[in-house]
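Content type mmCIF, C-alpha atoms, from the file upload_19.cif:
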data_input
#
loop_
_atom_site.group_PDB
_atom_site.id
_atom_site.type_symbol
_atom_site.label_atom_id
_atom_site.label_comp_id
_atom_site.auth_asym_id
_atom_site.auth_seq_id
_atom_site.Cartn_x
_atom_site.Cartn_y
_atom_site.Cartn_z
ATOM 1 C CA MET A 1 4.256 -27.817 7.632
ATOM 2 C CA LYS A 2 2.360 -26.565 4.600
ATOM 3 C CA HIS A 3 1.414 -22.920 4.961
ATOM 4 C CA THR A 4 -1.727 -21.760 3.159
ATOM 5 C CA ALA A 5 -0.236 -18.319 2.518
ATOM 6 C CA TYR A 6 2.193 -15.750 3.878
ATOM 7 C CA ILE A 7 1.794 -12.056 4.576
ATOM 8 C CA ILE A 8 5.183 -10.324 4.611
ATOM 9 C CA THR A 9 5.067 -6.801 5.953
ATOM 10 C CA GLY A 10 7.092 -4.159 7.738
ATOM 11 C CA PRO A 11 7.966 -0.473 7.530
ATOM 12 C CA THR A 12 9.232 1.049 4.333
ATOM 13 C CA ALA A 13 12.866 0.133 3.513
ATOM 14 C CA SER A 14 12.821 -2.831 5.905
ATOM 15 C CA GLY A 15 13.751 -5.364 3.207
ATOM 16 C CA LYS A 16 10.367 -7.051 2.917
ATOM 17 C CA SER A 17 10.292 -7.150 -0.890
ATOM 18 C CA SER A 18 13.648 -8.926 -1.135
ATOM 19 C CA PHE A 19 12.596 -11.298 1.631
ATOM 20 C CA ALA A 20 9.314 -12.156 -0.123
ATOM 21 C CA HIS A 21 11.171 -12.846 -3.365
ATOM 22 C CA ALA A 22 13.732 -15.093 -1.668
ATOM 23 C CA LEU A 23 10.948 -16.952 0.124
ATOM 24 C CA ALA A 24 9.050 -17.423 -3.141
ATOM 25 C CA LEU A 25 12.130 -18.942 -4.752
ATOM 26 C CA ARG A 26 12.386 -21.460 -1.914
ATOM 27 C CA ILE A 27 8.748 -22.544 -1.647
ATOM 28 C CA LYS A 28 7.370 -22.098 -5.171
ATOM 29 C CA GLY A 29 5.472 -18.963 -4.281
ATOM 30 C CA THR A 30 3.524 -16.296 -6.100
ATOM 31 C CA VAL A 31 4.258 -12.749 -4.885
ATOM 32 C CA ILE A 32 1.089 -10.649 -4.581
ATOM 33 C CA ASN A 33 1.241 -6.926 -3.893
ATOM 34 C CA CYS A 34 -0.504 -5.401 -0.867
ATOM 35 C CA ASP A 35 0.869 -1.867 -1.212
ATOM 36 C CA SER A 36 -1.625 0.818 -2.210
ATOM 37 C CA VAL A 37 0.929 2.800 -4.246
ATOM 38 C CA GLN A 38 2.844 -0.011 -5.954
ATOM 39 C CA ILE A 39 -0.437 -1.109 -7.535
ATOM 40 C CA TYR A 40 -0.169 1.930 -9.853
ATOM 41 C CA ARG A 41 1.715 1.928 -13.138
ATOM 42 C CA GLY A 42 4.212 4.637 -13.996
ATOM 43 C CA ILE A 43 5.558 5.440 -10.509
ATOM 44 C CA GLU A 44 7.711 2.371 -9.903
ATOM 45 C CA ASN A 45 10.719 4.350 -8.634
ATOM 46 C CA ILE A 46 8.656 6.641 -6.435
ATOM 47 C CA SER A 47 6.860 3.657 -4.895
ATOM 48 C CA ALA A 48 10.057 1.579 -4.513
ATOM 49 C CA SER A 49 8.396 -1.158 -6.534
ATOM 50 C CA PRO A 50 10.226 -4.405 -7.346
ATOM 51 C CA PHE A 51 9.736 -3.314 -10.961
ATOM 52 C CA ALA A 52 11.681 -0.061 -10.621
ATOM 53 C CA ASN A 53 14.116 0.088 -13.563
ATOM 54 C CA ARG A 54 13.089 -3.286 -14.940
ATOM 55 C CA PRO A 55 10.584 -4.264 -17.656
ATOM 56 C CA LEU A 56 6.972 -4.471 -16.528
ATOM 57 C CA THR A 57 6.292 -8.182 -16.866
ATOM 58 C CA ASP A 58 4.333 -10.675 -14.801
ATOM 59 C CA GLU A 59 7.370 -12.376 -13.269
ATOM 60 C CA ILE A 60 10.855 -11.860 -11.845
ATOM 61 C CA ASP A 61 13.374 -14.721 -11.928
ATOM 62 C CA GLY A 62 10.572 -17.075 -12.885
ATOM 63 C CA ILE A 63 8.472 -16.064 -9.856
ATOM 64 C CA PRO A 64 4.951 -14.840 -10.714
ATOM 65 C CA TYR A 65 4.302 -11.276 -9.560
ATOM 66 C CA ARG A 66 0.724 -10.085 -9.302
ATOM 67 C CA LEU A 67 -1.040 -6.733 -8.703
ATOM 68 C CA PHE A 68 2.083 -4.651 -9.283
ATOM 69 C CA SER A 69 1.745 -1.734 -11.747
ATOM 70 C CA VAL A 70 -1.699 -2.874 -12.872
ATOM 71 C CA LEU A 71 -3.662 0.388 -12.580
ATOM 72 C CA PRO A 72 -3.221 3.617 -14.542
ATOM 73 C CA LEU A 73 -2.853 6.789 -12.517
ATOM 74 C CA SER A 74 -6.272 7.862 -13.796
ATOM 75 C CA GLU A 75 -8.067 5.061 -11.934
ATOM 76 C CA GLN A 76 -9.266 4.976 -8.326
ATOM 77 C CA ILE A 77 -9.419 1.811 -6.213
ATOM 78 C CA SER A 78 -11.166 1.076 -2.922
ATOM 79 C CA VAL A 79 -10.215 -1.490 -0.304
ATOM 80 C CA ALA A 80 -13.141 -3.615 -1.501
ATOM 81 C CA ASP A 81 -11.808 -3.424 -5.061
ATOM 82 C CA TYR A 82 -8.381 -4.461 -3.856
ATOM 83 C CA LEU A 83 -9.828 -7.364 -1.893
ATOM 84 C CA ASP A 84 -11.602 -8.658 -4.997
ATOM 85 C CA LEU A 85 -8.365 -8.511 -7.000
ATOM 86 C CA ALA A 86 -6.397 -10.146 -4.176
ATOM 87 C CA ARG A 87 -8.905 -12.979 -3.862
ATOM 88 C CA ARG A 88 -8.669 -13.675 -7.574
ATOM 89 C CA GLU A 89 -4.871 -13.857 -7.454
ATOM 90 C CA TYR A 90 -4.894 -15.953 -4.270
ATOM 91 C CA ASP A 91 -7.229 -18.482 -5.873
ATOM 92 C CA ALA A 92 -5.172 -18.549 -9.081
ATOM 93 C CA ALA A 93 -1.942 -19.157 -7.158
ATOM 94 C CA VAL A 94 -3.436 -22.022 -5.157
ATOM 95 C CA ALA A 95 -4.988 -23.555 -8.288
ATOM 96 C CA SER A 96 -1.561 -23.569 -9.948
ATOM 97 C CA GLY A 97 0.057 -25.286 -6.968
ATOM 98 C CA ARG A 98 1.872 -22.202 -5.723
ATOM 99 C CA THR A 99 1.867 -20.578 -2.277
ATOM 100 C CA PRO A 100 0.449 -17.012 -2.190
ATOM 101 C CA ILE A 101 2.906 -14.554 -0.630
ATOM 102 C CA PHE A 102 1.398 -11.130 0.010
ATOM 103 C CA VAL A 103 3.956 -8.365 0.495
ATOM 104 C CA GLY A 104 3.488 -4.685 1.302
ATOM 105 C CA GLY A 105 3.154 -2.183 4.084
ATOM 106 C CA THR A 106 -0.364 -0.786 3.635
ATOM 107 C CA GLY A 107 -2.123 -1.486 6.905
ATOM 108 C CA TYR A 108 -5.712 -1.303 5.691
ATOM 109 C CA TYR A 109 -4.964 -3.748 2.846
ATOM 110 C CA ILE A 110 -3.329 -6.174 5.283
ATOM 111 C CA ASN A 111 -6.193 -5.834 7.743
ATOM 112 C CA ALA A 112 -8.690 -6.586 4.967
ATOM 113 C CA LEU A 113 -6.749 -9.662 3.832
ATOM 114 C CA VAL A 114 -6.799 -11.127 7.347
ATOM 115 C CA ASN A 115 -10.108 -9.862 8.758
ATOM 116 C CA GLY A 116 -12.252 -8.912 5.771
ATOM 117 C CA ILE A 117 -14.187 -5.658 5.525
ATOM 118 C CA SER A 118 -17.581 -4.380 6.538
ATOM 119 C CA PRO A 119 -20.133 -4.754 3.726
ATOM 120 C CA MET A 120 -20.425 -1.522 1.795
ATOM 121 C CA PRO A 121 -23.116 -0.259 -0.588
ATOM 122 C CA ASP A 122 -22.484 0.057 -4.291
ATOM 123 C CA VAL A 123 -21.893 3.668 -5.282
ATOM 124 C CA SER A 124 -22.930 5.052 -8.643
ATOM 125 C CA ASP A 125 -20.368 6.625 -10.935
ATOM 126 C CA THR A 126 -22.343 9.864 -10.654
ATOM 127 C CA ASN A 127 -22.065 10.101 -6.878
ATOM 128 C CA ARG A 128 -18.444 8.947 -6.917
ATOM 129 C CA ALA A 129 -17.534 11.712 -9.379
ATOM 130 C CA ARG A 130 -19.635 14.236 -7.459
ATOM 131 C CA ALA A 131 -17.881 13.388 -4.180
ATOM 132 C CA ARG A 132 -14.443 13.779 -5.726
ATOM 133 C CA GLU A 133 -15.390 17.092 -7.281
ATOM 134 C CA MET A 134 -16.690 18.375 -3.937
ATOM 135 C CA VAL A 135 -13.495 17.307 -2.169
ATOM 136 C CA ALA A 136 -11.296 18.886 -4.847
ATOM 137 C CA ASN A 137 -13.196 22.187 -4.692
ATOM 138 C CA ASP A 138 -13.703 22.475 -0.926
ATOM 139 C CA ILE A 139 -12.439 19.651 1.271
ATOM 140 C CA SER A 140 -13.371 21.502 4.469
ATOM 141 C CA GLY A 141 -16.952 21.870 3.256
ATOM 142 C CA ALA A 142 -17.011 18.186 2.336
ATOM 143 C CA ILE A 143 -15.777 17.179 5.800
ATOM 144 C CA ALA A 144 -18.486 19.372 7.366
ATOM 145 C CA LEU A 145 -21.117 17.093 5.801
ATOM 146 C CA LEU A 146 -19.677 14.102 7.648
ATOM 147 C CA PRO A 147 -20.089 13.165 11.339
ATOM 148 C CA SER A 148 -18.187 15.241 13.888
ATOM 149 C CA ASP A 149 -16.081 12.237 14.864
ATOM 150 C CA PHE A 150 -14.748 11.810 11.314
ATOM 151 C CA ARG A 151 -11.063 12.608 11.850
ATOM 152 C CA HIS A 152 -9.486 11.940 8.462
ATOM 153 C CA THR A 153 -8.250 14.699 6.174
ATOM 154 C CA ASP A 154 -6.806 12.520 3.418
ATOM 155 C CA PRO A 155 -8.745 13.489 0.243
ATOM 156 C CA GLN A 156 -9.298 9.878 -0.806
ATOM 157 C CA ARG A 157 -10.789 8.912 2.566
ATOM 158 C CA VAL A 158 -12.955 12.021 2.674
ATOM 159 C CA ALA A 159 -14.244 11.312 -0.831
ATOM 160 C CA ARG A 160 -14.989 7.689 0.074
ATOM 161 C CA ALA A 161 -17.023 8.714 3.134
ATOM 162 C CA LEU A 162 -18.798 11.429 1.181
ATOM 163 C CA GLU A 163 -19.758 9.216 -1.761
ATOM 164 C CA VAL A 164 -21.372 6.687 0.605
ATOM 165 C CA PHE A 165 -23.346 9.497 2.246
ATOM 166 C CA LEU A 166 -24.452 10.900 -1.107
ATOM 167 C CA GLU A 167 -25.526 7.444 -2.273
ATOM 168 C CA THR A 168 -27.358 6.219 0.818
ATOM 169 C CA GLY A 169 -27.992 9.129 3.158
ATOM 170 C CA LYS A 170 -26.131 7.121 5.802
ATOM 171 C CA HIS A 171 -22.660 7.696 7.122
ATOM 172 C CA LEU A 172 -19.729 5.378 6.457
ATOM 173 C CA SER A 173 -19.417 4.559 10.161
ATOM 174 C CA GLU A 174 -22.858 2.921 10.106
ATOM 175 C CA PHE A 175 -21.638 0.402 7.547
ATOM 176 C CA GLN A 176 -18.257 -0.008 9.239
ATOM 177 C CA SER A 177 -20.005 -1.186 12.413
ATOM 178 C CA LEU A 178 -21.449 -4.205 10.574
ATOM 179 C CA PRO A 179 -19.722 -7.638 10.841
ATOM 180 C CA ARG A 180 -16.738 -8.028 8.542
ATOM 181 C CA VAL A 181 -16.846 -10.374 5.562
ATOM 182 C CA GLY A 182 -14.595 -11.479 2.706
ATOM 183 C CA ALA A 183 -11.211 -12.189 4.339
ATOM 184 C CA VAL A 184 -8.871 -13.646 1.717
ATOM 185 C CA ALA A 185 -6.117 -15.121 3.885
ATOM 186 C CA PRO A 186 -7.273 -15.355 7.523
ATOM 187 C CA LEU A 187 -4.942 -18.315 8.195
ATOM 188 C CA ALA A 188 -1.855 -16.852 6.547
ATOM 189 C CA THR A 189 1.454 -16.936 8.389
ATOM 190 C CA LYS A 190 2.083 -13.281 9.218
ATOM 191 C CA VAL A 191 5.729 -12.202 9.129
ATOM 192 C CA LEU A 192 6.700 -8.769 10.442
ATOM 193 C CA ILE A 193 10.115 -7.455 9.414
ATOM 194 C CA LEU A 194 11.042 -4.799 11.954
ATOM 195 C CA PRO A 195 14.647 -3.559 11.938
ATOM 196 C CA ASP A 196 15.729 -0.931 14.430
ATOM 197 C CA SER A 197 14.563 2.582 13.550
ATOM 198 C CA ALA A 198 18.175 3.756 13.194
ATOM 199 C CA VAL A 199 18.772 1.064 10.569
ATOM 200 C CA LEU A 200 15.652 2.155 8.712
ATOM 201 C CA ARG A 201 16.789 5.785 8.699
ATOM 202 C CA GLU A 202 20.112 4.772 7.174
ATOM 203 C CA ARG A 203 18.429 2.649 4.509
ATOM 204 C CA ILE A 204 15.924 5.390 3.678
ATOM 205 C CA ALA A 205 18.679 7.997 3.331
ATOM 206 C CA ALA A 206 20.610 5.686 0.994
ATOM 207 C CA ARG A 207 17.612 4.583 -1.058
ATOM 208 C CA ILE A 208 16.054 7.912 -1.982
ATOM 209 C CA PRO A 209 18.982 9.204 -4.107
ATOM 210 C CA GLU A 210 18.868 5.884 -5.980
ATOM 211 C CA MET A 211 15.140 6.365 -6.606
ATOM 212 C CA LEU A 212 15.783 9.851 -7.936
ATOM 213 C CA SER A 213 18.565 8.741 -10.282
ATOM 214 C CA GLY A 214 16.434 5.809 -11.407
ATOM 215 C CA GLY A 215 13.759 7.979 -12.974
ATOM 216 C CA ALA A 216 11.558 9.250 -10.146
ATOM 217 C CA LEU A 217 11.666 12.810 -11.498
ATOM 218 C CA SER A 218 10.131 11.870 -14.845
ATOM 219 C CA GLU A 219 7.549 9.785 -12.989
ATOM 220 C CA ALA A 220 6.607 12.856 -10.964
ATOM 221 C CA GLN A 221 6.063 14.772 -14.194
ATOM 222 C CA SER A 222 3.660 11.991 -15.248
ATOM 223 C CA VAL A 223 1.850 12.426 -11.935
ATOM 224 C CA ILE A 224 1.401 16.128 -12.693
ATOM 225 C CA ASP A 225 0.267 15.442 -16.251
ATOM 226 C CA SER A 226 -2.268 12.827 -15.155
ATOM 227 C CA GLY A 227 -3.787 14.915 -12.372
ATOM 228 C CA TRP A 228 -3.199 12.079 -9.889
ATOM 229 C CA ASP A 229 -3.333 13.148 -6.243
ATOM 230 C CA GLU A 230 0.378 13.576 -5.569
ATOM 231 C CA SER A 231 -0.161 13.547 -1.794
ATOM 232 C CA ARG A 232 -0.947 9.839 -1.995
ATOM 233 C CA ALA A 233 2.710 8.896 -2.451
ATOM 234 C CA ILE A 234 5.617 10.178 -0.395
ATOM 235 C CA GLY A 235 8.187 11.403 -2.885
ATOM 236 C CA ALA A 236 5.623 12.307 -5.516
ATOM 237 C CA SER A 237 4.510 15.382 -3.603
ATOM 238 C CA GLN A 238 8.063 16.608 -2.972
ATOM 239 C CA LEU A 239 9.190 15.970 -6.552
ATOM 240 C CA CYS A 240 6.131 17.700 -7.990
ATOM 241 C CA GLN A 241 6.818 20.725 -5.800
ATOM 242 C CA PHE A 242 10.391 20.792 -7.119
ATOM 243 C CA ILE A 243 9.255 20.518 -10.736
ATOM 244 C CA ARG A 244 6.852 23.438 -10.232
ATOM 245 C CA GLY A 245 9.681 25.502 -8.725
ATOM 246 C CA GLU A 246 8.082 25.686 -5.290
ATOM 247 C CA ILE A 247 11.101 24.198 -3.491
ATOM 248 C CA SER A 248 14.769 23.638 -4.315
ATOM 249 C CA GLU A 249 16.292 20.277 -5.124
ATOM 250 C CA GLY A 250 17.940 20.190 -1.705
ATOM 251 C CA GLU A 251 14.637 20.924 0.024
ATOM 252 C CA CYS A 252 12.983 18.265 -2.098
ATOM 253 C CA MET A 253 15.453 15.612 -0.985
ATOM 254 C CA GLU A 254 15.383 16.690 2.649
ATOM 255 C CA ASN A 255 11.587 16.754 2.786
ATOM 256 C CA TRP A 256 11.368 13.392 1.015
ATOM 257 C CA VAL A 257 13.692 11.769 3.543
ATOM 258 C CA ASN A 258 11.911 13.369 6.500
ATOM 259 C CA LYS A 259 8.434 12.406 5.290
ATOM 260 C CA THR A 260 9.568 8.844 4.639
ATOM 261 C CA ASN A 261 11.021 8.571 8.137
ATOM 262 C CA GLN A 262 7.779 9.908 9.598
ATOM 263 C CA TYR A 263 5.814 7.362 7.574
ATOM 264 C CA ALA A 264 8.048 4.543 8.803
ATOM 265 C CA LYS A 265 7.392 5.685 12.367
ATOM 266 C CA ARG A 266 3.616 5.617 11.788
ATOM 267 C CA GLN A 267 3.909 2.158 10.286
ATOM 268 C CA ARG A 268 5.814 0.910 13.326
ATOM 269 C CA THR A 269 3.043 2.246 15.550
ATOM 270 C CA TRP A 270 0.385 0.479 13.474
ATOM 271 C CA PHE A 271 2.259 -2.819 13.557
ATOM 272 C CA ARG A 272 2.683 -2.526 17.327
ATOM 273 C CA THR A 273 -0.984 -1.774 18.036
ATOM 274 C CA GLN A 274 -2.996 -3.236 15.147
ATOM 275 C CA PHE A 275 -1.070 -6.260 13.861
ATOM 276 C CA ASN A 276 -0.541 -9.659 15.456
ATOM 277 C CA PRO A 277 2.403 -11.331 13.681
ATOM 278 C CA ASP A 278 3.281 -14.994 13.911
ATOM 279 C CA ILE A 279 6.957 -14.240 13.295
ATOM 280 C CA ILE A 280 8.948 -11.077 13.995
ATOM 281 C CA ILE A 281 12.295 -10.576 12.257
ATOM 282 C CA PRO A 282 14.071 -7.745 14.157
ATOM 283 C CA ASN A 283 16.668 -7.082 11.469
ATOM 284 C CA VAL A 284 17.089 -6.701 7.719
ATOM 285 C CA PRO A 285 16.414 -10.332 6.723
ATOM 286 C CA ASP A 286 19.079 -12.776 5.602
ATOM 287 C CA ALA A 287 19.109 -16.429 4.507
ATOM 288 C CA SER A 288 18.753 -17.740 8.054
ATOM 289 C CA ASP A 289 15.514 -15.820 8.426
ATOM 290 C CA ILE A 290 14.170 -17.600 5.345
ATOM 291 C CA ASP A 291 15.044 -20.961 6.919
ATOM 292 C CA ASN A 292 13.411 -20.052 10.227
ATOM 293 C CA THR A 293 10.272 -18.773 8.523
ATOM 294 C CA ILE A 294 9.830 -21.945 6.514
ATOM 295 C CA LYS A 295 10.309 -24.061 9.638
#
Show me this structure written as structure tokens.
Amino acid sequence: MKHTAYIITGPTASGKSSFAHALALRIKGTVINCDSVQIYRGIENISASPFANRPLTDEIDGIPYRLFSVLPLSEQISVADYLDLARREYDAAVASGRTPIFVGGTGYYINALVNGISPMPDVSDTNRARAREMVANDISGAIALLPSDFRHTDPQRVARALEVFLETGKHLSEFQSLPRVGAVAPLATKVLILPDSAVLRERIAARIPEMLSGGALSEAQSVIDSGWDESRAIGASQLCQFIRGEISEGECMENWVNKTNQYAKRQRTWFRTQFNPDIIIPNVPDASDIDNTIK
């Protein structure tokens, strides 16, 4: 059976990146990122990117890699922006006779790939900058301008909702209720890698010291220097606090591990309630899982 595309996802540290690479080697695939942090350049260790501690090129072992480390920390990206980039890489992979393999754990990127997004208005640079300034200066005041049922506190989401309101006078929820458009891979084979939570905790505890020794600390300094919102990446926030002397190294490591475990738990909840996989791999994948997926 010829698959049009694959979406490989799972909680952090589940082994999805290695699985996607092994699958690409077997089926002549192109690996396309669907992780909202790995898309940024300069935080490869913090984001556990496939390009951590390796040259930033456009391939690994002859396999094309796309949308990894392509944005500077100074640049913002919306889901619509990501979808445009993903569509371009999907089309390029198919045109070259390769199978697109999306890999990552960002739920709203995956949802957009499969289901599309509600049409959104264009926002001027002026209102986008104004929204971000308002959020940076007084996020509570910014949230007060939004509907009472707006529950998010993440600065990026607040700024996105606010910029739409400033531009149109309408709330984001009004646009979100419109029919979705623009799905890139609605027929993709969806593979969920879901090892036991105890296995994930072990892998997270082992991986974070490796990330730190690999250069994550210097990456965190770059985050501080760039003014990037450090709360957007687990690890960045803890390392930046350590660099500023707000917490000890031990507290940094402990908080990093705990926050990563909490994130993995939230991911598992999202996959259970919001994702409909074609294949579930209940373990860290091995060669037999590649065979079964291809079949």
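For the set A:Gln238, A:Ser218, A:Gln176, A:Ser226, the residue with the smallest atom-to-atom gap to A:Glu75 is A:Ser226, counting all atoms listed in the file.
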ask   = Once the PyMOL selection byres ((chain A and resi 113) around 7) has been applied to the shown file, what residues remain in the selection, as a count of residues only?
value = 12
message = So that I can check the surroundings of A:Met253, please list as a count of residues only every protein, DNA and RNA residue that reaches within 9 Å of it, counting all atoms listed in the file and ignoring chain neighbours fewer than 6 positions away.
response = 5
Given the PyMOL selection byres ((chain A and resi 146-154) around 10) and the file above, list the residues it selects as a short mmCIF file (atom, residue, chain, number, x, y, z; two decimals) with C-alpha atoms, in the coordinates of the input.
data_model
loop_
_atom_site.label_atom_id
_atom_site.label_comp_id
_atom_site.auth_asym_id
_atom_site.auth_seq_id
_atom_site.Cartn_x
_atom_site.Cartn_y
_atom_site.Cartn_z
CA VAL A 135 -13.50 17.31 -2.17
CA ILE A 139 -12.44 19.65 1.27
CA SER A 140 -13.37 21.50 4.47
CA GLY A 141 -16.95 21.87 3.26
CA ALA A 142 -17.01 18.19 2.34
CA ILE A 143 -15.78 17.18 5.80
CA ALA A 144 -18.49 19.37 7.37
CA LEU A 145 -21.12 17.09 5.80
CA PRO A 155 -8.74 13.49 0.24
CA GLN A 156 -9.30 9.88 -0.81
CA ARG A 157 -10.79 8.91 2.57
CA VAL A 158 -12.96 12.02 2.67
CA ALA A 159 -14.24 11.31 -0.83
CA ALA A 161 -17.02 8.71 3.13
CA LEU A 162 -18.80 11.43 1.18
CA PHE A 165 -23.35 9.50 2.25
CA LYS A 170 -26.13 7.12 5.80
CA HIS A 171 -22.66 7.70 7.12
CA LEU A 172 -19.73 5.38 6.46
CA SER A 173 -19.42 4.56 10.16
CA SER A 231 -0.16 13.55 -1.79
CA ARG A 232 -0.95 9.84 -2.00
#
Find the axis-aligned box for stretch 111-126 of chain A, covering all its listed atoms and adding 3 Å on each side, and write its centre and edge lengths in Å to one decimal as JSON.
{"center_x": -14.7, "center_y": -0.6, "center_z": -1.1, "size_x": 22.9, "size_y": 27.0, "size_z": 25.7}
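From atom CA of A:Leu67 back to atom CA of A:Gly97, the distance works out to 18.7 Å.
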Quick one: everything within 6 Å of stretch 193-202 of chain A, counting only C-alpha atoms, minus sequence neighbours fewer than 5 positions away in the same chain. Send it as a compact mmCIF listing (two decimals) with C-alpha atoms, keeping the file's coordinate frame.
# COMPACT_ATOMS: atom_id res chain seq x y z
CA GLY A 10 7.09 -4.16 7.74
CA ILE A 280 8.95 -11.08 14.00
CA ILE A 281 12.30 -10.58 12.26
CA PRO A 282 14.07 -7.74 14.16
CA ASN A 283 16.67 -7.08 11.47
CA VAL A 284 17.09 -6.70 7.72
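Here the PyMOL selection byres ((chain A and resi 220-224) around 8) catches exactly these residues: Gly42, Ile43, Ile46, Leu73, Ala216, Leu217, Ser218, Glu219, Asp225, Ser226, Gly227, Trp228, Asp229, Glu230, Ala236, Leu239, Cys240 and Ile243 of chain A.
Residues in contact range of A:Trp270, defined as at most 9 Å between all atoms listed in the file, with sequence neighbours fewer than 5 positions away removed, read A:Gly107, A:Lys265, A:Phe275.
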request  = Show which residues sit within 12 Å of A:Val103, as number ranges by chain. Count all atoms listed in the file, and ignore same-chain residues fewer than 4 positions away.
outcome  = A: 5-12, 14-21, 23-24, 29-36, 38-39, 49-50, 65-68, 86, 107, 109-110, 113, 188-193
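Among the candidates A:Asp61, A:Val181, A:Ala48, A:Asp138, the residue lying nearest to A:Asp84 is A:Val181 (atoms considered: all atoms listed in the file).
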query = Of the residues A:Leu187, A:Ala52, A:Ala95, A:Val70, which is the one nearest to A:Pro277, using only C-alpha atoms?
reply = A:Leu187
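As for atom CA of A:Ser177 and atom CA of A:Ser118, they are spaced 7.1 Å apart.
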request  = For atom CA of A:Ser124 and atom CA of A:Ala92, determine how far apart the two atoms are, in Å to one decimal place.
outcome  = 29.5 Å
